[in-house]
$ cat protein-v4.csv   # CSV, C-alpha atoms
chain,number,residue,atom,x,y,z
A,1483,MET,CA,1.1,-23.2,8.2
A,1484,THR,CA,2.3,-19.6,8.1
A,1485,MET,CA,0.0,-16.9,6.6
A,1486,LYS,CA,1.3,-14.7,3.8
A,1487,PRO,CA,1.6,-11.0,4.7
A,1488,GLU,CA,-1.1,-10.1,2.1
A,1489,GLU,CA,-3.5,-12.7,3.5
A,1490,LYS,CA,-3.0,-11.3,7.0
A,1491,LEU,CA,-3.8,-7.7,5.8
A,1492,LYS,CA,-7.0,-8.9,4.1
A,1493,GLU,CA,-8.0,-10.8,7.3
A,1494,GLU,CA,-7.5,-7.5,9.1
A,1495,GLY,CA,-9.9,-5.7,6.7
A,1496,TYR,CA,-7.4,-4.2,4.2
A,1497,ILE,CA,-8.3,-4.1,0.6
A,1498,ARG,CA,-5.9,-4.0,-2.4
A,1499,TYR,CA,-5.3,-0.4,-3.5
A,1500,ARG,CA,-5.6,-0.3,-7.3
A,1501,GLY,CA,-5.4,3.4,-7.8
A,1502,ALA,CA,-2.5,5.4,-9.2
A,1503,VAL,CA,0.5,6.1,-6.9
A,1504,ASP,CA,2.6,9.2,-7.7
A,1505,ALA,CA,6.3,8.9,-8.0
A,1506,SER,CA,6.6,11.3,-5.1
A,1507,VAL,CA,5.4,8.5,-2.7
A,1508,TYR,CA,8.3,6.3,-3.8
A,1509,GLU,CA,10.7,9.2,-3.5
A,1510,TYR,CA,9.5,9.9,0.0
A,1511,PHE,CA,10.2,6.3,1.0
A,1512,ASN,CA,13.5,6.3,-1.0
A,1513,CYS,CA,12.1,3.2,-2.7
A,1514,ASP,CA,14.2,1.3,-5.2
A,1515,HIS,CA,11.5,-1.3,-5.9
A,1516,SER,CA,8.5,0.8,-7.0
A,1517,TRP,CA,7.9,-1.7,-9.7
A,1518,LYS,CA,7.2,-4.4,-7.0
A,1519,ALA,CA,4.7,-2.2,-5.0
A,1520,LYS,CA,1.6,-3.8,-3.7
A,1521,TRP,CA,-0.4,-1.2,-1.8
A,1522,TYR,CA,-3.3,-2.1,0.6
A,1523,LEU,CA,-5.7,0.4,2.2
A,1524,LYS,CA,-7.9,0.5,5.3
A,1525,GLU,CA,-9.5,3.6,6.8
A,1526,GLY,CA,-6.9,6.0,5.3
A,1527,HIS,CA,-3.9,3.8,6.2
A,1528,TYR,CA,-1.8,2.7,3.3
A,1529,CYS,CA,0.5,-0.3,3.6
A,1530,CYS,CA,2.9,-1.6,0.9
A,1531,ARG,CA,3.9,-5.2,0.8
A,1532,GLY,CA,6.0,-5.2,-2.4
A,1533,CYS,CA,9.3,-5.8,-0.6
A,1534,LYS,CA,10.8,-6.4,2.8
A,1535,GLU,CA,10.7,-2.7,3.8
A,1536,ARG,CA,6.9,-2.8,4.4
A,1537,CYS,CA,6.3,0.9,4.0
A,1538,GLU,CA,3.2,2.5,5.7
A,1539,THR,CA,1.7,5.9,5.7
A,1540,ARG,CA,-1.5,7.7,6.6
A,1541,GLU,CA,-0.6,10.6,4.3
A,1542,PRO,CA,-3.0,10.6,1.2
A,1543,ASP,CA,-0.7,12.8,-0.9
A,1544,GLY,CA,0.4,11.0,-4.0
A,1545,PHE,CA,-2.5,8.5,-3.9
A,1546,GLN,CA,-5.2,8.9,-6.5
A,1547,LEU,CA,-8.5,9.9,-5.0
A,1548,PHE,CA,-11.7,8.0,-6.0
A,1549,LEU,CA,-14.9,9.8,-6.7
A,1550,ASP,CA,-18.2,8.2,-5.7
A,1551,LEU,CA,-20.4,8.8,-8.8
A,1552,GLY,CA,-23.3,6.8,-7.5

$ encode --input "protein-v4.csv" --output "structure tokens"
Amino acid sequence: MTMKPEEKLKEEGYIRYRGAVDASVYEYFNCDHSWKAKWYLKEGHYCCRGCKERCETREPDGFQLFLDLG
């Protein structure tokens, strides 16, 4: 049985990125499918698995920062 790309990322330690992604990120990747985006994050590495392009970046610009209020 073949593993889905999202399952493989989770197995590798990635978590689903649920923060806001600025339109500039999709402009940078010349993305026509931003509405399908599924971003995953691990140690500052962002991977999108929303379409066949499989965009990846280490550039945090355009990704909402989370504050640890604990």

$ closest_residue --input "protein-v4.csv" --among "A:Arg1500, A:Arg1540, A:Glu1509, A:Phe1545" --to "Lys1524 (chain A)" --atoms "all atoms listed in the file"
A:Arg1540

$ closest_residue --input "protein-v4.csv" --among "A:Lys1486, A:Lys1534, A:Arg1498, A:Lys1492" --to "Lys1518 (chain A)" --atoms "all atoms listed in the file"
A:Lys1534

$ residues_around --input "protein-v4.csv" --residues "Cys1529 (chain A)" --least-positions-apart "2" --cutoff "10 Å" --atoms "all atoms listed in the file" --output "mmCIF file with C-alpha atoms, keeping the file's coordinate frame"
data_model
loop_
_atom_site.group_PDB
_atom_site.id
_atom_site.type_symbol
_atom_site.label_atom_id
_atom_site.label_comp_id
_atom_site.auth_asym_id
_atom_site.auth_seq_id
_atom_site.Cartn_x
_atom_site.Cartn_y
_atom_site.Cartn_z
ATOM 1 C CA LEU A 1491 -3.800 -7.700 5.800
ATOM 2 C CA TYR A 1496 -7.400 -4.200 4.200
ATOM 3 C CA ARG A 1498 -5.900 -4.000 -2.400
ATOM 4 C CA TYR A 1499 -5.300 -0.400 -3.500
ATOM 5 C CA ALA A 1519 4.700 -2.200 -5.000
ATOM 6 C CA LYS A 1520 1.600 -3.800 -3.700
ATOM 7 C CA TRP A 1521 -0.400 -1.200 -1.800
ATOM 8 C CA TYR A 1522 -3.300 -2.100 0.600
ATOM 9 C CA LEU A 1523 -5.700 0.400 2.200
ATOM 10 C CA LYS A 1524 -7.900 0.500 5.300
ATOM 11 C CA GLY A 1526 -6.900 6.000 5.300
ATOM 12 C CA HIS A 1527 -3.900 3.800 6.200
ATOM 13 C CA ARG A 1531 3.900 -5.200 0.800
ATOM 14 C CA GLY A 1532 6.000 -5.200 -2.400
ATOM 15 C CA ARG A 1536 6.900 -2.800 4.400
ATOM 16 C CA CYS A 1537 6.300 0.900 4.000
ATOM 17 C CA GLU A 1538 3.200 2.500 5.700
ATOM 18 C CA THR A 1539 1.700 5.900 5.700
ATOM 19 C CA ARG A 1540 -1.500 7.700 6.600
#

$ closest_residue --input "protein-v4.csv" --among "A:Thr1484, A:Phe1511, A:Trp1517, A:Glu1525" --to "Ile1497 (chain A)" --atoms "all atoms listed in the file"
A:Glu1525

$ residues_around --input "protein-v4.csv" --residues "Gln1546 (chain A)" --least-positions-apart "3" --cutoff "7 Å" --atoms "all atoms listed in the file" --output "JSON, numbers by chain"
{"A": [1501, 1502, 1503]}

$ atom_distance --input "protein-v4.csv" --atom1 "CA of Cys1533 (chain A)" --atom2 "CA of Gly1495 (chain A)"
20.5 Å

$ decode --input "protein-v4.csv" --residues "chain A" --atoms "C-alpha atoms" --output "compact mmCIF listing (two decimals), in the first residue's frame"
# COMPACT_ATOMS: atom_id res chain seq x y z
CA MET A 1483 0.00 0.00 0.00
CA THR A 1484 1.35 3.41 -0.99
CA MET A 1485 1.57 6.12 1.67
CA LYS A 1486 -0.08 9.48 0.96
CA PRO A 1487 2.35 12.44 0.75
CA GLU A 1488 0.79 14.04 3.86
CA GLU A 1489 1.21 10.82 5.86
CA LYS A 1490 4.86 10.60 4.81
CA LEU A 1491 5.49 14.19 5.98
CA LYS A 1492 3.86 13.49 9.36
CA GLU A 1493 5.97 10.36 9.73
CA GLU A 1494 9.06 12.54 9.08
CA GLY A 1495 8.05 14.88 11.93
CA TYR A 1496 6.21 17.62 10.03
CA ILE A 1497 3.08 19.17 11.53
CA ARG A 1498 0.21 20.83 9.68
CA TYR A 1499 0.79 24.58 9.53
CA ARG A 1500 -2.46 26.29 10.47
CA GLY A 1501 -1.32 29.91 10.57
CA ALA A 1502 -2.07 32.60 8.03
CA VAL A 1503 -0.09 32.61 4.79
CA ASP A 1504 0.25 35.96 3.04
CA ALA A 1505 -0.63 36.31 -0.64
CA SER A 1506 3.02 37.23 -1.32
CA VAL A 1507 4.02 33.59 -0.69
CA TYR A 1508 1.70 32.40 -3.46
CA GLU A 1509 2.88 35.20 -5.75
CA TYR A 1510 6.50 34.13 -5.17
CA PHE A 1511 5.67 30.56 -6.22
CA ASN A 1512 3.45 31.82 -9.05
CA CYS A 1513 0.73 29.64 -7.54
CA ASP A 1514 -2.61 29.34 -9.31
CA HIS A 1515 -3.99 26.96 -6.67
CA SER A 1516 -3.64 28.88 -3.37
CA TRP A 1517 -7.12 27.78 -2.40
CA LYS A 1518 -5.85 24.18 -2.34
CA ALA A 1519 -2.78 24.90 -0.18
CA LYS A 1520 -1.87 22.47 2.60
CA TRP A 1521 1.25 23.71 4.36
CA TYR A 1522 3.36 21.61 6.71
CA LEU A 1523 6.19 22.79 8.98
CA LYS A 1524 9.29 21.22 10.54
CA GLU A 1525 12.20 23.15 12.03
CA GLY A 1526 11.64 26.24 9.87
CA HIS A 1527 11.03 24.28 6.67
CA TYR A 1528 7.66 24.88 5.01
CA CYS A 1529 6.23 22.33 2.54
CA CYS A 1530 2.99 22.70 0.60
CA ARG A 1531 1.17 19.59 -0.56
CA GLY A 1532 -1.94 21.22 -2.02
CA CYS A 1533 -1.13 20.38 -5.64
CA LYS A 1534 1.41 18.53 -7.78
CA GLU A 1535 3.96 21.39 -7.64
CA ARG A 1536 4.96 20.56 -4.03
CA CYS A 1537 6.42 23.97 -3.17
CA GLU A 1538 8.97 24.24 -0.36
CA THR A 1539 10.78 27.10 1.36
CA ARG A 1540 12.83 27.96 4.44
CA GLU A 1541 11.96 31.64 4.09
CA PRO A 1542 9.56 32.61 6.92
CA ASP A 1543 8.42 35.85 5.22
CA GLY A 1544 4.69 35.69 4.61
CA PHE A 1545 4.02 33.05 7.27
CA GLN A 1546 2.28 34.22 10.44
CA LEU A 1547 4.51 34.07 13.49
CA PHE A 1548 3.17 32.42 16.64
CA LEU A 1549 3.85 33.92 20.04
CA ASP A 1550 4.41 31.64 23.02
CA LEU A 1551 2.32 33.26 25.72
CA GLY A 1552 2.95 30.48 28.25
